[in-house]
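With mmCIF, C-alpha atoms and all ligand atoms inside, this is coords21.cif:
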data_work
#
loop_
_atom_site.group_PDB
_atom_site.id
_atom_site.type_symbol
_atom_site.label_atom_id
_atom_site.label_comp_id
_atom_site.auth_asym_id
_atom_site.auth_seq_id
_atom_site.Cartn_x
_atom_site.Cartn_y
_atom_site.Cartn_z
ATOM 1 C CA MET A 1 -7.381 17.237 15.962
ATOM 2 C CA LEU A 2 -10.347 14.939 16.220
ATOM 3 C CA LEU A 3 -9.692 12.755 13.189
ATOM 4 C CA PRO A 4 -6.229 11.495 14.136
ATOM 5 C CA MET A 5 -7.546 10.734 17.605
ATOM 6 C CA LEU A 6 -10.446 8.767 16.207
ATOM 7 C CA PHE A 7 -8.083 6.964 13.888
ATOM 8 C CA LYS A 8 -5.845 6.054 16.802
ATOM 9 C CA ALA A 9 -8.818 4.630 18.653
ATOM 10 C CA LEU A 10 -9.723 2.490 15.664
ATOM 11 C CA MET A 11 -6.132 1.308 15.388
ATOM 12 C CA SER A 12 -5.796 0.241 18.956
ATOM 13 C CA GLY A 13 -9.071 -1.675 18.578
ATOM 14 C CA GLY A 14 -7.387 -3.700 15.882
ATOM 15 C CA PHE A 15 -9.229 -6.318 13.906
ATOM 16 C CA GLY A 16 -8.257 -9.737 15.115
ATOM 17 C CA GLY A 17 -4.591 -9.177 14.366
ATOM 18 C CA GLU A 18 -5.161 -10.712 10.969
ATOM 19 C CA PHE A 19 -4.263 -7.696 8.866
ATOM 20 C CA THR A 20 -2.276 -4.584 9.610
ATOM 21 C CA TYR A 21 -2.044 -1.074 8.243
ATOM 22 C CA VAL A 22 0.699 -0.420 5.734
ATOM 23 C CA VAL A 23 3.138 2.455 6.166
ATOM 24 C CA ARG A 24 5.930 4.060 4.147
ATOM 25 C CA GLY A 25 8.821 1.673 3.621
ATOM 26 C CA ALA A 26 6.685 -1.474 3.392
ATOM 27 C CA GLU A 27 8.163 -4.336 1.378
ATOM 28 C CA ILE A 28 6.308 -5.704 -1.622
ATOM 29 C CA SER A 29 6.785 -8.446 -4.175
ATOM 30 C CA CYS A 30 5.300 -9.194 -7.583
ATOM 31 C CA SER A 31 4.439 -12.772 -8.546
ATOM 32 C CA GLN A 32 6.217 -12.119 -11.862
ATOM 33 C CA GLY A 33 8.918 -9.760 -10.619
ATOM 34 C CA SER A 34 12.595 -10.619 -10.180
ATOM 35 C CA ASP A 35 13.194 -8.650 -6.952
ATOM 36 C CA PRO A 36 11.377 -7.262 -3.925
ATOM 37 C CA GLY A 37 10.218 -3.631 -4.038
ATOM 38 C CA VAL A 38 9.423 -0.907 -1.534
ATOM 39 C CA LEU A 39 6.358 1.299 -1.011
ATOM 40 C CA ASN A 40 7.011 5.023 -0.916
ATOM 41 C CA LEU A 41 4.939 8.022 0.074
ATOM 42 C CA PRO A 42 6.598 11.309 -0.897
ATOM 43 C CA LEU A 43 3.811 13.379 0.666
ATOM 44 C CA SER A 44 2.177 12.155 3.870
ATOM 45 C CA HIS A 45 -1.625 11.824 4.016
ATOM 46 C CA GLY A 46 -1.432 13.194 7.553
ATOM 47 C CA ILE A 47 -2.141 9.905 9.335
ATOM 48 C CA TYR A 48 0.685 8.175 11.164
ATOM 49 C CA ILE A 49 1.405 5.011 13.105
ATOM 50 C CA LYS A 50 4.435 5.480 15.341
ATOM 51 C CA GLU A 51 5.442 8.502 13.244
ATOM 52 C CA GLN A 52 5.338 6.522 9.998
ATOM 53 C CA PRO A 53 2.807 7.774 7.417
ATOM 54 C CA VAL A 54 -0.028 5.374 6.513
ATOM 55 C CA LEU A 55 -0.752 4.636 2.845
ATOM 56 C CA ASN A 56 -4.162 4.332 1.181
ATOM 57 C CA VAL A 57 -5.477 2.186 -1.684
ATOM 58 C CA ALA A 58 -4.915 4.972 -4.226
ATOM 59 C CA ASP A 59 -1.155 5.003 -3.641
ATOM 60 C CA VAL A 60 -0.376 3.149 -6.854
ATOM 61 C CA ILE A 61 1.855 5.512 -8.813
ATOM 62 C CA PRO A 62 4.915 3.677 -10.189
ATOM 63 C CA LEU A 63 8.146 4.787 -8.477
ATOM 64 C CA ALA A 64 6.492 7.622 -6.507
ATOM 65 C CA ASN A 65 4.518 5.025 -4.500
ATOM 66 C CA VAL A 66 5.255 1.576 -5.842
ATOM 67 C CA GLY A 67 8.944 0.822 -6.188
ATOM 68 C CA ARG A 68 9.854 -1.541 -8.997
ATOM 69 C CA CYS A 69 9.950 -5.233 -8.270
ATOM 70 C CA GLY A 70 12.890 -5.714 -10.603
ATOM 71 C CA PHE A 71 12.163 -7.110 -14.030
ATOM 72 C CA CYS A 72 9.129 -9.061 -15.184
ATOM 73 C CA LYS A 73 9.701 -12.782 -15.722
ATOM 74 C CA MET A 74 7.196 -12.697 -18.586
ATOM 75 C CA ASP A 75 9.037 -10.351 -20.951
ATOM 76 C CA GLY A 76 12.029 -8.894 -19.120
ATOM 77 C CA ALA A 77 10.479 -5.402 -19.000
ATOM 78 C CA LEU A 78 10.513 -3.347 -15.801
ATOM 79 C CA CYS A 79 7.913 -4.596 -13.351
ATOM 80 C CA GLU A 80 5.368 -1.814 -12.788
ATOM 81 C CA PRO A 81 1.796 -1.721 -11.489
ATOM 82 C CA ASP A 82 -1.117 -1.282 -13.880
ATOM 83 C CA THR A 83 -2.647 1.956 -12.617
ATOM 84 C CA PHE A 84 -5.319 2.363 -15.267
ATOM 85 C CA PHE A 85 -8.491 2.686 -13.167
ATOM 86 C CA ASN A 86 -6.740 0.447 -10.705
ATOM 87 C CA LYS A 87 -6.261 0.675 -6.962
ATOM 88 C CA TRP A 88 -5.041 -1.682 -4.280
ATOM 89 C CA SER A 89 -7.752 -4.240 -3.433
ATOM 90 C CA GLN A 90 -9.306 -4.934 -0.040
ATOM 91 C CA GLY A 91 -8.358 -1.766 1.804
ATOM 92 C CA LYS A 92 -10.027 -0.915 5.103
ATOM 93 C CA GLU A 93 -13.162 0.756 3.743
ATOM 94 C CA ASP A 94 -14.321 2.139 7.093
ATOM 95 C CA VAL A 95 -10.984 3.760 7.907
ATOM 96 C CA LEU A 96 -10.307 6.542 5.437
ATOM 97 C CA VAL A 97 -6.869 8.036 4.955
ATOM 98 C CA GLU A 98 -7.347 11.335 3.156
ATOM 99 C CA GLY A 99 -10.583 10.156 1.548
ATOM 100 C CA GLU A 100 -9.424 6.686 0.458
ATOM 101 C CA ALA A 101 -9.555 3.341 2.249
ATOM 102 C CA ALA A 102 -6.499 2.631 4.386
ATOM 103 C CA LEU A 103 -4.064 0.195 2.779
ATOM 104 C CA LEU A 104 -3.920 -3.191 4.531
ATOM 105 C CA SER A 105 -1.350 -5.963 4.509
ATOM 106 C CA ARG A 106 -3.887 -8.169 2.668
ATOM 107 C CA SER A 107 -4.212 -5.675 -0.216
ATOM 108 C CA GLU A 108 -3.077 -6.595 -3.725
ATOM 109 C CA LEU A 109 -2.360 -4.699 -6.913
ATOM 110 C CA ILE A 110 -2.291 -5.896 -10.510
ATOM 111 C CA CYS A 111 0.999 -5.637 -12.369
ATOM 112 C CA ARG A 112 1.100 -4.542 -16.019
ATOM 113 C CA LYS A 113 1.931 -8.016 -17.277
ATOM 114 C CA GLY A 114 -0.649 -9.707 -15.078
ATOM 115 C CA GLY A 115 1.485 -10.413 -12.035
ATOM 116 C CA ILE A 116 0.032 -9.844 -8.566
ATOM 117 C CA ILE A 117 1.824 -7.375 -6.309
ATOM 118 C CA LYS A 118 1.497 -8.306 -2.636
ATOM 119 C CA ILE A 119 2.597 -6.714 0.594
ATOM 120 C CA GLU A 120 5.266 -8.814 2.269
ATOM 121 C CA VAL A 121 6.073 -6.584 5.262
ATOM 122 C CA ASP A 122 3.777 -3.766 6.434
ATOM 123 C CA GLY A 123 6.719 -1.475 7.217
ATOM 124 C CA GLN A 124 5.610 -0.754 10.797
ATOM 125 C CA LEU A 125 8.467 -0.504 13.266
HETATM 126 ZN ZN ZN A 201 5.240 -7.479 -12.027
#
Show me the file's structure as structure tokens.
Ligand SMILES: [Zn+2]
Amino acid sequence: MLLPMLFKALMSGGFGGEFTYVVRGAEISCSQGSDPGVLNLPLSHGIYIKEQPVLNVADVIPLANVGRCGFCKMDGALCEPDTFFNKWSQGKEDVLVEGEAALLSRSELICRKGGIIKIEVDGQL
């Protein structure tokens, strides 16, 4: 397969070591959430780093992708991302994972109550 090979080449090139690709099992936190959460990916996009599937900026579905960050400090409701026309910000636009920008450790997502969900640990082994 050409694409995974190309992807691997891009990976090994890196980009200054500033940001990394995010894989299944990454740890997240919400600025308004009570607990850390985990990123899931029930169905792989077909791109892997060390056998761990890479996420893209459209992986925003509550629970299926974005594990709950506990309860919201604002109103005590469950902390969930706002997925209405919303994707993770600042993905790697020139590295597509199944048609969407690859998710990067710098990416952020808006929470329903206005909190900011950030990636704490990229999940790579
Ligand atoms: Zn939240």
In Å, how far is it from CA of Lys113 in chain A to atom ZN of ligand ZN 201 (chain A)?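 Interatomic distance here is 6.2 Å.
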Pick the closest to ligand ZN 201 (chain A) from A:Leu109, A:Leu43, A:Leu103, A:Cys79: which is it, counting only C-alpha atoms and all ligand atoms?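 The shortest atom-to-atom distance to ligand ZN 201 (chain A) comes from A:Cys79.
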Can you write out as a tab-separated table which residues of range 42-65 of chain A fall within 7 Å of range 20-37 of chain A, alongside each residue's closest atom pair and its distance in Å to one decimal, counting all atoms listed in the file and ordering rows by chain and ascending residue number?
residue	atom	partner	partner_atom	distance
A:Gln52	CA	A:Val23	CA	6.0
A:Pro53	CA	A:Val23	CA	5.5
A:Val54	CA	A:Val23	CA	4.3
A:Leu55	CA	A:Val23	CA	5.6
Selection in question (the file shown): the PyMOL selection byres (((not hetatm)) within 8 of (chain A and resi 201)). Which residues does it include, as a compact mmCIF listing (two decimals) with C-alpha atoms, in the frame of the given file?
# COMPACT_ATOMS: atom_id res chain seq x y z
CA CYS A 30 5.30 -9.19 -7.58
CA SER A 31 4.44 -12.77 -8.55
CA GLN A 32 6.22 -12.12 -11.86
CA GLY A 33 8.92 -9.76 -10.62
CA CYS A 69 9.95 -5.23 -8.27
CA GLY A 70 12.89 -5.71 -10.60
CA PHE A 71 12.16 -7.11 -14.03
CA CYS A 72 9.13 -9.06 -15.18
CA LYS A 73 9.70 -12.78 -15.72
CA LEU A 78 10.51 -3.35 -15.80
CA CYS A 79 7.91 -4.60 -13.35
CA GLU A 80 5.37 -1.81 -12.79
CA PRO A 81 1.80 -1.72 -11.49
CA ILE A 110 -2.29 -5.90 -10.51
CA CYS A 111 1.00 -5.64 -12.37
CA ARG A 112 1.10 -4.54 -16.02
CA LYS A 113 1.93 -8.02 -17.28
CA GLY A 114 -0.65 -9.71 -15.08
CA GLY A 115 1.48 -10.41 -12.04
CA ILE A 116 0.03 -9.84 -8.57
CA ILE A 117 1.82 -7.38 -6.31
Please write as a PyMOL selection string the full residue list that the PyMOL selection byres (((chain A and resi 45) around 12) and not hetatm) yields on this file. chain A and resi 4+23-24+41-44+46-49+52-59+96-103
Any idea what the distance is between CA of Leu39 in chain A and CA of Asn65 in chain A?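 CA of Asn65 in chain A lies 5.4 Å from CA of Leu39 in chain A.
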